[in-house]
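Here's the structure we're looking at; comments come further down.
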Amino acid sequence: MEKIILTGDRPTGRLHVGHYAGSLRRRVELQDSGEYSRTFIMIADAQALTDNIEEPEKVRQNIIEVALDYMSCGLDPARSTMFIQSQISELCELTFYYMDLVTVARLQRNPTVKNEIQMRNFEASIPVGFFTYPISQAADITAFKATTVPVGDDQLPMIEQTREIVHKFNTVYAPVLVEPSALLAANEASKRLPGTDGKAKMSKSLGNCIYLADSADEVRAKVMSMFTDPQHLLVSDPGHLEGNTVFTYLDAFCKPEHFGRYLPDYGDLDELKAHYQRGGLGDMKVKKFLNNVMQELLEPIRTRRKELEKDIPAIYEILKKGSEEAREVAAETLSQVKSAMRINYFEDADLIRSQSERFGRNAQ
């Protein structure tokens with residue numbers, strides 16, 4: 001069986017370092033690994049509209065932002081098929097068929113859906129599109145017969161629901177769909193990077209994001225204002241690592257070679273942590289080190305983005321071509337699904353012939 005990746009993001013804003021740590025960095029590594037025959041990268045605008053239905057222009061404008069961030073980070077349209085979800089009408093049809101395989105009670109038990117509903121204050125009035133987006137996500141994954149879906153821990157229930165849909169469809173109809181597997185970030189700190197203010201979620205509305213496109217000055221200002229240890233008032237005070245955003249970011253982004261370049265007094269991150277914990281190391285010194293780490297990471301991304309921004313029509317052409325390629329693949333899967341469900345009336349020559357013979361006999 002071919003190894004195929006499907007992943008993507010909702011275009012609700014520019015991508016930030018949380019996206020990079022949690023998925024983008026890994027996607028580039030997987031793309032470049034040679035282990036996968038195809039990689040599909042989806043800009044999930046239809047899914048974004050489920051809770052932005054009154055702000056379609058916001059979603060529309062962010063398509064290009066996400067595409068630029070993708071390519072700036074190293075996703076290559078020559079090796080990864082980038083497409084826009086709403087341009088693949090086959091996904092809507094697959095979603096419609098899959099709805100018959102899932103109960104309302106099962107959707108209500110989905111932990112990810114429950115958390116998202118609470119976060120958006122949808123308890124009293126849940127849009128149906130939002131409520132059923134696990135089914136839509138199953139359509140996205142299965143349309144491309146993805147074997148691997150890079151996700152964070154919070155998305156594991158969605159993959160499990162997709163696997164349930166696949167199993168039920170293959171059992172009831174025919175084994176045409178592929179059960180996907182989740183691929184989690186190897187680095188624990190990368191799985192759920194907190195906001196710069198220490199809050200669990202990095203969010204544009206909270207103003208606690210470091211964006212991939214931020215300038216060097218913006219990055220520096222955000223790093224220097226980061227939440228650390230509120231009990232670490234004096235340099236001599238012992239510091240705590242738990243809940244300390246600066247050290248969480250170092251866990252996610254710091255490499256051994258960074259110490260030789262920016263902090264040669266320490267051999268590695270463990271030494272830096274030990275000094276901080278026993279006291280005698282100030283927050284400012286650690287933040288300056290983190291700033292250097294982040295600047296080294298983001299500078300080439302910023303540079304590539306500026307080059308890409310010079311030819312926006314070319315970016316749209318890439319997305320158009322990718323969407324056309326993706327639609328061809330999704331159409332083939334849909335054809336197989338309709339055949340398994342026995343609703344491919346006009347393509348089923350045996351059906352037409354057998355009924356012609358039956359009614360012909362009746363007419364004699």
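All residue names refer to the structure tokens as shown: chains lettered A, B, ... in order, residues numbered from 1 in each chain, ligands numbered from 1 in order.
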For this session: Identify all residues of region 56-113 of chain A in strand (DSSP E or B) (DSSP on the backbone) and supply them as a list in words.
Result: Thr81, Met82, Phe83 and Ile84 of chain A
For this session: Write out as a PyMOL selection string which residues come within 12 Å of region 203-210 of chain A when counting only C-alpha atoms, dropping same-chain ones fewer than 4 positions away.
Result: chain A and resi 12-21+119+193-199+214-227+245+249+291+294-295+298
Just the selected residues (N, CA and C atoms), exported as an mmCIF file, in the first residue's frame, please.
```cif
data_model
loop_
_atom_site.group_PDB
_atom_site.id
_atom_site.type_symbol
_atom_site.label_atom_id
_atom_site.label_comp_id
_atom_site.auth_asym_id
_atom_site.auth_seq_id
_atom_site.Cartn_x
_atom_site.Cartn_y
_atom_site.Cartn_z
ATOM 1 N N THR A 12 -7.654 30.986 9.215
ATOM 2 C CA THR A 12 -8.269 31.983 10.094
ATOM 3 C C THR A 12 -7.287 33.080 10.497
ATOM 4 N N GLY A 13 -6.084 33.033 9.952
ATOM 5 C CA GLY A 13 -5.086 34.039 10.267
ATOM 6 C C GLY A 13 -3.713 33.564 9.833
ATOM 7 N N ARG A 14 -2.723 34.434 9.986
ATOM 8 C CA ARG A 14 -1.356 34.034 9.672
ATOM 9 C C ARG A 14 -0.935 32.891 10.598
ATOM 10 N N LEU A 15 -0.055 32.047 10.128
ATOM 11 C CA LEU A 15 0.415 30.930 10.941
ATOM 12 C C LEU A 15 1.501 31.418 11.900
ATOM 13 N N HIS A 16 1.550 30.777 13.066
ATOM 14 C CA HIS A 16 2.502 31.192 14.099
ATOM 15 C C HIS A 16 3.454 30.053 14.452
ATOM 16 N N VAL A 17 4.351 30.310 15.391
ATOM 17 C CA VAL A 17 5.368 29.310 15.720
ATOM 18 C C VAL A 17 4.761 28.066 16.364
ATOM 19 N N GLY A 18 3.548 28.199 16.911
ATOM 20 C CA GLY A 18 2.860 27.021 17.423
ATOM 21 C C GLY A 18 2.519 26.068 16.299
ATOM 22 N N HIS A 19 2.052 26.621 15.168
ATOM 23 C CA HIS A 19 1.800 25.793 13.986
ATOM 24 C C HIS A 19 3.098 25.157 13.497
ATOM 25 N N TYR A 20 4.160 25.954 13.521
ATOM 26 C CA TYR A 20 5.443 25.444 13.026
ATOM 27 C C TYR A 20 5.950 24.298 13.884
ATOM 28 N N ALA A 21 5.923 24.496 15.192
ATOM 29 C CA ALA A 21 6.428 23.460 16.100
ATOM 30 C C ALA A 21 5.548 22.219 16.071
ATOM 31 N N MET A 119 -15.298 26.368 23.895
ATOM 32 C CA MET A 119 -14.380 27.472 23.647
ATOM 33 C C MET A 119 -15.047 28.586 22.843
ATOM 34 N N LEU A 193 2.314 24.156 22.079
ATOM 35 C CA LEU A 193 3.109 25.306 22.492
ATOM 36 C C LEU A 193 2.200 26.378 23.080
ATOM 37 N N PRO A 194 2.498 26.880 24.276
ATOM 38 C CA PRO A 194 1.646 27.900 24.895
ATOM 39 C C PRO A 194 1.845 29.266 24.252
ATOM 40 N N GLY A 195 0.956 30.184 24.586
ATOM 41 C CA GLY A 195 1.114 31.556 24.142
ATOM 42 C C GLY A 195 2.251 32.223 24.898
ATOM 43 N N THR A 196 2.694 33.366 24.417
ATOM 44 C CA THR A 196 3.804 34.071 25.059
ATOM 45 C C THR A 196 3.450 34.531 26.468
ATOM 46 N N ASP A 197 2.140 34.629 26.763
ATOM 47 C CA ASP A 197 1.704 35.059 28.088
ATOM 48 C C ASP A 197 1.543 33.893 29.056
ATOM 49 N N GLY A 198 1.888 32.689 28.601
ATOM 50 C CA GLY A 198 1.790 31.521 29.462
ATOM 51 C C GLY A 198 0.465 30.796 29.383
ATOM 52 N N LYS A 199 -0.512 31.390 28.699
ATOM 53 C CA LYS A 199 -1.808 30.719 28.546
ATOM 54 C C LYS A 199 -1.644 29.486 27.663
ATOM 55 N N ASP A 214 6.457 37.631 11.445
ATOM 56 C CA ASP A 214 6.827 38.773 12.290
ATOM 57 C C ASP A 214 8.231 39.274 11.959
ATOM 58 N N SER A 215 8.410 40.582 12.074
ATOM 59 C CA SER A 215 9.736 41.162 11.862
ATOM 60 C C SER A 215 10.647 40.801 13.024
ATOM 61 N N ALA A 216 11.945 41.032 12.839
ATOM 62 C CA ALA A 216 12.919 40.744 13.892
ATOM 63 C C ALA A 216 12.602 41.548 15.155
ATOM 64 N N ASP A 217 12.199 42.796 14.982
ATOM 65 C CA ASP A 217 11.881 43.636 16.144
ATOM 66 C C ASP A 217 10.634 43.127 16.863
ATOM 67 N N GLU A 218 9.637 42.682 16.107
ATOM 68 C CA GLU A 218 8.419 42.157 16.726
ATOM 69 C C GLU A 218 8.707 40.887 17.511
ATOM 70 N N VAL A 219 9.536 40.039 16.948
ATOM 71 C CA VAL A 219 9.898 38.794 17.651
ATOM 72 C C VAL A 219 10.641 39.111 18.937
ATOM 73 N N ARG A 220 11.584 40.017 18.846
ATOM 74 C CA ARG A 220 12.380 40.385 20.029
ATOM 75 C C ARG A 220 11.472 40.934 21.135
ATOM 76 N N ALA A 221 10.568 41.814 20.779
ATOM 77 C CA ALA A 221 9.671 42.406 21.775
ATOM 78 C C ALA A 221 8.800 41.338 22.435
ATOM 79 N N LYS A 222 8.319 40.400 21.657
ATOM 80 C CA LYS A 222 7.448 39.358 22.205
ATOM 81 C C LYS A 222 8.222 38.393 23.104
ATOM 82 N N VAL A 223 9.431 38.068 22.715
ATOM 83 C CA VAL A 223 10.250 37.178 23.552
ATOM 84 C C VAL A 223 10.592 37.855 24.872
ATOM 85 N N MET A 224 10.961 39.128 24.796
ATOM 86 C CA MET A 224 11.365 39.834 26.019
ATOM 87 C C MET A 224 10.200 40.049 26.982
ATOM 88 N N SER A 225 8.970 39.968 26.495
ATOM 89 C CA SER A 225 7.809 40.145 27.365
ATOM 90 C C SER A 225 7.201 38.808 27.802
ATOM 91 N N MET A 226 7.864 37.730 27.498
ATOM 92 C CA MET A 226 7.321 36.401 27.781
ATOM 93 C C MET A 226 7.141 36.135 29.266
ATOM 94 N N PHE A 227 6.120 35.344 29.555
ATOM 95 C CA PHE A 227 5.851 34.884 30.913
ATOM 96 C C PHE A 227 6.932 33.878 31.312
ATOM 97 N N THR A 245 7.239 29.696 30.235
ATOM 98 C CA THR A 245 7.092 29.717 28.777
ATOM 99 C C THR A 245 8.430 29.768 28.054
ATOM 100 N N TYR A 249 9.612 27.066 25.164
ATOM 101 C CA TYR A 249 10.018 27.405 23.799
ATOM 102 C C TYR A 249 11.428 26.887 23.508
ATOM 103 N N ASN A 291 15.739 34.613 22.176
ATOM 104 C CA ASN A 291 15.552 35.521 21.038
ATOM 105 C C ASN A 291 16.500 35.159 19.900
ATOM 106 N N MET A 294 15.214 32.052 18.189
ATOM 107 C CA MET A 294 14.032 32.312 17.366
ATOM 108 C C MET A 294 14.380 33.117 16.106
ATOM 109 N N GLN A 295 15.289 34.067 16.248
ATOM 110 C CA GLN A 295 15.689 34.859 15.086
ATOM 111 C C GLN A 295 16.368 33.978 14.043
ATOM 112 N N LEU A 298 13.555 31.995 12.322
ATOM 113 C CA LEU A 298 12.562 32.735 11.538
ATOM 114 C C LEU A 298 13.143 33.589 10.421
#
```
Problem set entry | Distance query region 69-71 of chain A at most 9 Å, only C-alpha atoms, self and fewer than 4 positions along chain excluded, as a VMD selection string | chain A and resid 14 to 16 24 64 to 65 75 to 77 212 to 213 301 304 to 305 308
For region 92-97 of chain A, please output as a tab-separated table (two decimals) with all heavy atoms, in the first residue's frame all residues within 12 Å (counting only C-alpha atoms; exclusion window: fewer than 4 positions along the same chain).
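Done, and the output landed in result01.tsv:
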```tsv
chain	number	residue	atom	x	y	z
A	46	ALA	N	-13.49	25.72	3.87
A	46	ALA	CA	-14.87	25.32	4.14
A	46	ALA	C	-15.07	25.03	5.63
A	46	ALA	O	-16.09	25.40	6.22
A	46	ALA	CB	-15.25	24.10	3.31
A	47	GLN	N	-14.08	24.40	6.22
A	47	GLN	CA	-14.17	24.13	7.66
A	47	GLN	C	-14.08	25.42	8.46
A	47	GLN	O	-14.76	25.58	9.48
A	47	GLN	CB	-13.04	23.17	8.08
A	47	GLN	CG	-13.21	22.62	9.48
A	47	GLN	CD	-12.09	21.66	9.85
A	47	GLN	OE1	-11.30	21.95	10.73
A	47	GLN	NE2	-12.01	20.54	9.17
A	85	GLN	N	-9.78	23.53	0.10
A	85	GLN	CA	-10.83	22.55	0.39
A	85	GLN	C	-12.12	22.81	-0.38
A	85	GLN	O	-12.71	21.88	-0.95
A	85	GLN	CB	-11.10	22.55	1.90
A	85	GLN	CG	-12.12	21.54	2.36
A	85	GLN	CD	-12.44	21.71	3.84
A	85	GLN	OE1	-12.36	22.83	4.38
A	85	GLN	NE2	-12.77	20.62	4.51
A	86	SER	N	-12.58	24.05	-0.40
A	86	SER	CA	-13.88	24.36	-1.01
A	86	SER	C	-13.91	24.11	-2.51
A	86	SER	O	-14.99	24.04	-3.11
A	86	SER	CB	-14.26	25.82	-0.74
A	86	SER	OG	-13.33	26.69	-1.37
A	87	GLN	N	-12.74	24.00	-3.13
A	87	GLN	CA	-12.69	23.78	-4.57
A	87	GLN	C	-12.82	22.30	-4.95
A	87	GLN	O	-12.84	21.98	-6.14
A	87	GLN	CB	-11.37	24.34	-5.13
A	87	GLN	CG	-11.14	25.81	-4.81
A	87	GLN	CD	-12.31	26.69	-5.20
A	87	GLN	OE1	-12.62	26.80	-6.39
A	87	GLN	NE2	-12.97	27.32	-4.23
A	88	ILE	N	-12.92	21.44	-3.96
A	88	ILE	CA	-13.05	20.00	-4.20
A	88	ILE	C	-14.47	19.60	-3.81
A	88	ILE	O	-14.75	19.21	-2.68
A	88	ILE	CB	-12.02	19.19	-3.39
A	88	ILE	CG1	-10.65	19.87	-3.40
A	88	ILE	CG2	-11.95	17.75	-3.89
A	88	ILE	CD1	-10.03	20.02	-4.76
A	101	LEU	N	-23.47	7.13	8.56
A	101	LEU	CA	-22.69	6.13	9.29
A	101	LEU	C	-22.37	6.57	10.72
A	101	LEU	O	-21.72	5.83	11.46
A	101	LEU	CB	-21.38	5.84	8.55
A	101	LEU	CG	-21.50	5.40	7.10
A	101	LEU	CD1	-20.12	5.28	6.46
A	101	LEU	CD2	-22.24	4.07	7.00
A	102	VAL	N	-22.80	7.77	11.10
A	102	VAL	CA	-22.47	8.34	12.41
A	102	VAL	C	-23.73	8.81	13.11
A	102	VAL	O	-24.58	9.46	12.50
A	102	VAL	CB	-21.48	9.53	12.27
A	102	VAL	CG1	-21.09	10.06	13.64
A	102	VAL	CG2	-20.25	9.13	11.48
A	129	GLY	N	-23.00	22.66	10.66
A	129	GLY	CA	-21.74	22.44	9.96
A	129	GLY	C	-20.58	22.26	10.91
A	129	GLY	O	-19.70	21.42	10.69
A	132	THR	N	-20.85	18.83	12.83
A	132	THR	CA	-20.54	17.64	12.03
A	132	THR	C	-19.17	17.69	11.38
A	132	THR	O	-18.86	16.86	10.52
A	132	THR	CB	-21.61	17.44	10.93
A	132	THR	OG1	-21.63	18.60	10.10
A	132	THR	CG2	-22.99	17.23	11.54
A	133	TYR	N	-18.31	18.61	11.80
A	133	TYR	CA	-17.04	18.71	11.09
A	133	TYR	C	-16.12	17.50	11.26
A	133	TYR	O	-15.27	17.25	10.40
A	133	TYR	CB	-16.32	20.04	11.39
A	133	TYR	CG	-15.41	20.11	12.59
A	133	TYR	CD1	-14.09	19.70	12.49
A	133	TYR	CD2	-15.83	20.66	13.79
A	133	TYR	CE1	-13.22	19.80	13.56
A	133	TYR	CE2	-14.98	20.77	14.87
A	133	TYR	CZ	-13.67	20.33	14.76
A	133	TYR	OH	-12.83	20.44	15.83
A	134	PRO	N	-16.30	16.64	12.30
A	134	PRO	CA	-15.52	15.40	12.30
A	134	PRO	C	-15.84	14.51	11.09
A	134	PRO	O	-14.96	13.80	10.59
A	134	PRO	CB	-15.93	14.71	13.60
A	134	PRO	CG	-16.37	15.83	14.49
A	134	PRO	CD	-17.03	16.81	13.57
A	135	ILE	N	-17.08	14.57	10.62
A	135	ILE	CA	-17.47	13.79	9.45
A	135	ILE	C	-16.83	14.39	8.20
A	135	ILE	O	-16.33	13.69	7.33
A	135	ILE	CB	-19.00	13.73	9.32
A	135	ILE	CG1	-19.62	13.17	10.60
A	135	ILE	CG2	-19.40	12.88	8.12
A	135	ILE	CD1	-21.14	13.21	10.62
A	136	SER	N	-16.85	15.72	8.13
A	136	SER	CA	-16.21	16.41	7.01
A	136	SER	C	-14.72	16.11	6.99
A	136	SER	O	-14.13	15.89	5.92
A	136	SER	CB	-16.44	17.92	7.13
A	136	SER	OG	-15.66	18.64	6.20
A	137	GLN	N	-14.12	16.08	8.16
A	137	GLN	CA	-12.68	15.79	8.24
A	137	GLN	C	-12.39	14.36	7.79
A	137	GLN	O	-11.37	14.10	7.14
A	137	GLN	CB	-12.19	16.01	9.67
A	137	GLN	CG	-10.68	16.17	9.77
A	137	GLN	CD	-10.27	16.73	11.12
A	137	GLN	OE1	-10.34	16.06	12.14
A	137	GLN	NE2	-9.82	17.97	11.13
A	138	ALA	N	-13.30	13.45	8.10
A	138	ALA	CA	-13.15	12.07	7.63
A	138	ALA	C	-13.18	12.02	6.11
A	138	ALA	O	-12.44	11.26	5.47
A	138	ALA	CB	-14.25	11.19	8.22
A	139	ALA	N	-14.05	12.84	5.51
A	139	ALA	CA	-14.12	12.91	4.05
A	139	ALA	C	-12.81	13.44	3.47
A	139	ALA	O	-12.30	12.92	2.47
A	139	ALA	CB	-15.30	13.79	3.62
A	140	ASP	N	-12.26	14.48	4.11
A	140	ASP	CA	-10.99	15.04	3.65
A	140	ASP	C	-9.89	13.98	3.64
A	140	ASP	O	-9.11	13.88	2.69
A	140	ASP	CB	-10.56	16.20	4.56
A	140	ASP	CG	-11.54	17.34	4.58
A	140	ASP	OD1	-12.27	17.52	3.59
A	140	ASP	OD2	-11.59	18.05	5.60
A	141	ILE	N	-9.82	13.21	4.71
A	141	ILE	CA	-8.74	12.22	4.87
A	141	ILE	C	-8.92	11.06	3.90
A	141	ILE	O	-7.98	10.66	3.21
A	141	ILE	CB	-8.70	11.73	6.32
A	141	ILE	CG1	-8.30	12.87	7.27
A	141	ILE	CG2	-7.73	10.56	6.47
A	141	ILE	CD1	-8.51	12.56	8.74
A	142	THR	N	-10.14	10.53	3.85
A	142	THR	CA	-10.37	9.33	3.05
A	142	THR	C	-10.40	9.61	1.56
A	142	THR	O	-10.12	8.72	0.75
A	142	THR	CB	-11.67	8.64	3.47
A	142	THR	OG1	-12.77	9.55	3.31
A	142	THR	CG2	-11.60	8.17	4.91
A	143	ALA	N	-10.76	10.83	1.16
A	143	ALA	CA	-10.81	11.16	-0.27
A	143	ALA	C	-9.47	10.94	-0.94
A	143	ALA	O	-9.39	10.58	-2.12
A	143	ALA	CB	-11.26	12.61	-0.46
A	144	PHE	N	-8.39	11.13	-0.17
A	144	PHE	CA	-7.04	10.99	-0.72
A	144	PHE	C	-6.36	9.70	-0.26
A	144	PHE	O	-5.18	9.52	-0.46
A	144	PHE	CB	-6.22	12.24	-0.35
A	144	PHE	CG	-6.90	13.50	-0.80
A	144	PHE	CD1	-7.62	14.28	0.10
A	144	PHE	CD2	-6.88	13.87	-2.13
A	144	PHE	CE1	-8.30	15.41	-0.33
A	144	PHE	CE2	-7.55	15.01	-2.56
A	144	PHE	CZ	-8.26	15.78	-1.66
A	162	THR	N	-12.65	9.07	12.32
A	162	THR	CA	-12.44	8.73	10.91
A	162	THR	C	-12.25	7.22	10.74
A	162	THR	O	-12.82	6.60	9.83
A	162	THR	CB	-11.22	9.47	10.35
A	162	THR	OG1	-11.46	10.88	10.39
A	162	THR	CG2	-10.93	9.06	8.91
A	165	ILE	N	-15.56	5.49	10.94
A	165	ILE	CA	-16.34	5.66	9.71
A	165	ILE	C	-15.82	4.73	8.61
A	165	ILE	O	-16.59	4.08	7.90
A	165	ILE	CB	-16.30	7.13	9.26
A	165	ILE	CG1	-17.11	8.01	10.22
A	165	ILE	CG2	-16.82	7.29	7.82
A	165	ILE	CD1	-16.98	9.49	9.99
A	166	VAL	N	-14.50	4.68	8.48
A	166	VAL	CA	-13.89	3.81	7.47
A	166	VAL	C	-14.26	2.36	7.72
A	166	VAL	O	-14.65	1.62	6.80
A	166	VAL	CB	-12.36	3.98	7.45
A	166	VAL	CG1	-11.71	2.90	6.60
A	166	VAL	CG2	-11.98	5.36	6.94
A	169	PHE	N	-17.97	1.77	6.91
A	169	PHE	CA	-18.23	1.80	5.47
A	169	PHE	C	-17.71	0.52	4.81
A	169	PHE	O	-18.43	-0.12	4.01
A	169	PHE	CB	-17.56	3.01	4.83
A	169	PHE	CG	-17.84	3.15	3.36
A	169	PHE	CD1	-18.88	3.95	2.91
A	169	PHE	CD2	-17.09	2.45	2.41
A	169	PHE	CE1	-19.17	4.05	1.55
A	169	PHE	CE2	-17.37	2.55	1.06
A	169	PHE	CZ	-18.41	3.35	0.63
A	173	TYR	N	-20.41	-1.87	3.03
A	173	TYR	CA	-20.42	-1.80	1.57
A	173	TYR	C	-19.30	-2.65	0.95
A	173	TYR	O	-19.55	-3.76	0.49
A	173	TYR	CB	-20.32	-0.35	1.11
A	173	TYR	CG	-21.47	0.50	1.60
A	173	TYR	CD1	-21.29	1.52	2.52
A	173	TYR	CD2	-22.77	0.27	1.12
A	173	TYR	CE1	-22.35	2.30	2.96
A	173	TYR	CE2	-23.84	1.04	1.57
A	173	TYR	CZ	-23.62	2.05	2.49
A	173	TYR	OH	-24.67	2.81	2.92
A	177	LEU	N	-12.10	2.07	1.39
A	177	LEU	CA	-11.49	3.19	2.12
A	177	LEU	C	-10.29	2.72	2.94
A	177	LEU	O	-10.22	1.56	3.33
A	177	LEU	CB	-12.52	3.86	3.04
A	177	LEU	CG	-13.76	4.44	2.35
A	177	LEU	CD1	-14.68	5.07	3.40
A	177	LEU	CD2	-13.37	5.48	1.30
A	327	ARG	N	-8.56	17.30	-6.93
A	327	ARG	CA	-9.92	16.94	-7.32
A	327	ARG	C	-9.95	15.65	-8.14
A	327	ARG	O	-10.87	14.85	-8.03
A	327	ARG	CB	-10.57	18.08	-8.09
A	327	ARG	CG	-12.06	17.85	-8.31
A	327	ARG	CD	-12.80	19.04	-8.82
A	327	ARG	NE	-14.23	18.77	-8.84
A	327	ARG	CZ	-15.14	19.58	-9.33
A	327	ARG	NH1	-14.77	20.74	-9.84
A	327	ARG	NH2	-16.42	19.24	-9.32
A	330	ALA	N	-9.71	12.87	-5.57
A	330	ALA	CA	-10.95	12.76	-4.80
A	330	ALA	C	-12.08	12.19	-5.66
A	330	ALA	O	-12.91	11.42	-5.17
A	330	ALA	CB	-11.34	14.12	-4.24
A	331	ALA	N	-12.10	12.55	-6.94
A	331	ALA	CA	-13.15	12.06	-7.85
A	331	ALA	C	-13.04	10.55	-8.03
A	331	ALA	O	-14.06	9.85	-8.11
A	331	ALA	CB	-13.05	12.77	-9.20
A	332	GLU	N	-11.83	10.05	-8.10
A	332	GLU	CA	-11.63	8.60	-8.23
A	332	GLU	C	-12.12	7.87	-6.99
A	332	GLU	O	-12.80	6.83	-7.09
A	332	GLU	CB	-10.15	8.31	-8.48
A	332	GLU	CG	-9.80	6.83	-8.54
A	332	GLU	CD	-10.53	6.07	-9.64
A	332	GLU	OE1	-10.89	6.69	-10.66
A	332	GLU	OE2	-10.75	4.85	-9.47
A	333	THR	N	-11.81	8.42	-5.82
A	333	THR	CA	-12.29	7.80	-4.57
A	333	THR	C	-13.82	7.86	-4.51
A	333	THR	O	-14.46	6.87	-4.13
A	333	THR	CB	-11.70	8.53	-3.35
A	333	THR	OG1	-10.27	8.43	-3.39
A	333	THR	CG2	-12.21	7.91	-2.04
A	334	LEU	N	-14.40	8.99	-4.86
A	334	LEU	CA	-15.85	9.11	-4.84
A	334	LEU	C	-16.50	8.10	-5.78
A	334	LEU	O	-17.54	7.50	-5.46
A	334	LEU	CB	-16.27	10.53	-5.23
A	334	LEU	CG	-17.77	10.80	-5.31
A	334	LEU	CD1	-18.43	10.55	-3.96
A	334	LEU	CD2	-18.04	12.22	-5.80
A	335	SER	N	-15.90	7.89	-6.94
A	335	SER	CA	-16.43	6.90	-7.88
A	335	SER	C	-16.44	5.51	-7.26
A	335	SER	O	-17.42	4.76	-7.40
A	335	SER	CB	-15.58	6.91	-9.16
A	335	SER	OG	-16.01	5.90	-10.06
A	336	GLN	N	-15.37	5.17	-6.55
A	336	GLN	CA	-15.30	3.87	-5.89
A	336	GLN	C	-16.32	3.76	-4.76
A	336	GLN	O	-16.94	2.71	-4.56
A	336	GLN	CB	-13.88	3.65	-5.35
A	336	GLN	CG	-12.82	3.52	-6.43
A	336	GLN	CD	-11.41	3.52	-5.87
A	336	GLN	OE1	-11.20	3.58	-4.67
A	336	GLN	NE2	-10.43	3.46	-6.75
A	337	VAL	N	-16.52	4.86	-4.03
A	337	VAL	CA	-17.51	4.88	-2.95
A	337	VAL	C	-18.91	4.68	-3.50
A	337	VAL	O	-19.70	3.88	-2.99
A	337	VAL	CB	-17.41	6.21	-2.16
A	337	VAL	CG1	-18.65	6.44	-1.31
A	337	VAL	CG2	-16.16	6.22	-1.29
A	338	LYS	N	-19.25	5.39	-4.57
A	338	LYS	CA	-20.58	5.28	-5.16
A	338	LYS	C	-20.82	3.89	-5.74
A	338	LYS	O	-21.93	3.34	-5.68
A	338	LYS	CB	-20.78	6.36	-6.21
A	338	LYS	CG	-20.80	7.76	-5.61
A	338	LYS	CD	-20.90	8.84	-6.67
A	338	LYS	CE	-22.30	8.97	-7.20
A	338	LYS	NZ	-22.46	10.17	-8.05
A	340	ALA	N	-19.42	1.13	-4.54
A	340	ALA	CA	-19.62	0.25	-3.39
A	340	ALA	C	-21.02	0.41	-2.79
A	340	ALA	O	-21.62	-0.56	-2.32
A	340	ALA	CB	-18.57	0.54	-2.33
A	341	MET	N	-21.55	1.64	-2.84
A	341	MET	CA	-22.88	1.91	-2.29
A	341	MET	C	-24.01	1.58	-3.26
A	341	MET	O	-25.18	1.74	-2.93
A	341	MET	CB	-22.98	3.39	-1.88
A	341	MET	CG	-22.05	3.78	-0.75
A	341	MET	SD	-22.16	5.55	-0.35
A	341	MET	CE	-23.80	5.61	0.39
A	343	ILE	N	-24.82	3.12	-6.06
A	343	ILE	CA	-25.53	4.30	-6.55
A	343	ILE	C	-24.84	4.88	-7.79
A	343	ILE	O	-24.99	6.06	-8.11
A	343	ILE	CB	-25.67	5.39	-5.46
A	343	ILE	CG1	-24.30	5.79	-4.88
A	343	ILE	CG2	-26.59	4.91	-4.34
A	343	ILE	CD1	-24.37	6.93	-3.89
```
Exercise. Which one of A:Arg120, A:Lys320, A:Lys288, A:Arg38 sits closest to Asp51 (chain A) if you count only C-alpha atoms?
Worked result: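 Residue with the minimum atom-to-atom distance to Asp51 (chain A): A:Arg120.
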For this session: Would you list, as a VMD selection string, the residues of region 62-279 of chain A that end up in alpha helix (DSSP H) under DSSP run on this structure's backbone?
Result: chain A and resid 62 to 73 89 to 98 104 to 109 111 to 119 128 to 131 133 to 143 156 to 172 188 to 191 216 to 224 245 to 253 256 to 262 269 to 278
Problem set entry | Using only C-alpha atoms: which of A:Phe131, A:Asp348, A:Thr50, A:Leu319 has the shortest distance to Val66 (chain A) |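 Smallest separation from Val66 (chain A) among the options: A:Leu319.
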For this session: Using only C-alpha atoms, find the one residue out of A:Ser33, A:Ser72, A:Ser181, A:Gln155 that sits nearest to Glu299 (chain A).
Result: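 Ranking A:Ser33, A:Ser72, A:Ser181, A:Gln155 by distance to Glu299 (chain A), first place goes to A:Ser72.
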Problem set entry | Shortest interatomic distance to Arg26 (chain A) - which of A:Val293, A:Phe83, A:Val149, A:Tyr266, counting only C-alpha atoms | A:Val149
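Taking CA of Leu241 (chain A) and CA of Thr228 (chain A) as the two end points, the separation is 8.3 Å.
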Problem set entry | d(CA of Tyr36 (chain A), CA of Glu324 (chain A)) in Å |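 For CA of Tyr36 (chain A) relative to CA of Glu324 (chain A), the distance reads 20.5 Å.
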Problem set entry | Residue with smallest distance to Gly282 (chain A) - pool A:Ile312, A:Leu269, A:Met82, A:Leu234, counting only C-alpha atoms | A:Leu234
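The closest residue to Ile159 (chain A), picked from A:Cys254, A:Asn344, A:Leu6, A:Ala174 and counting only C-alpha atoms, is A:Leu6.
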Problem set entry | One-decimal distance in Å that lies between CA of Asp45 (chain A) and CA of Arg25 (chain A) |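 Going from CA of Arg25 (chain A) over to CA of Asp45 (chain A), I get 21.6 Å.
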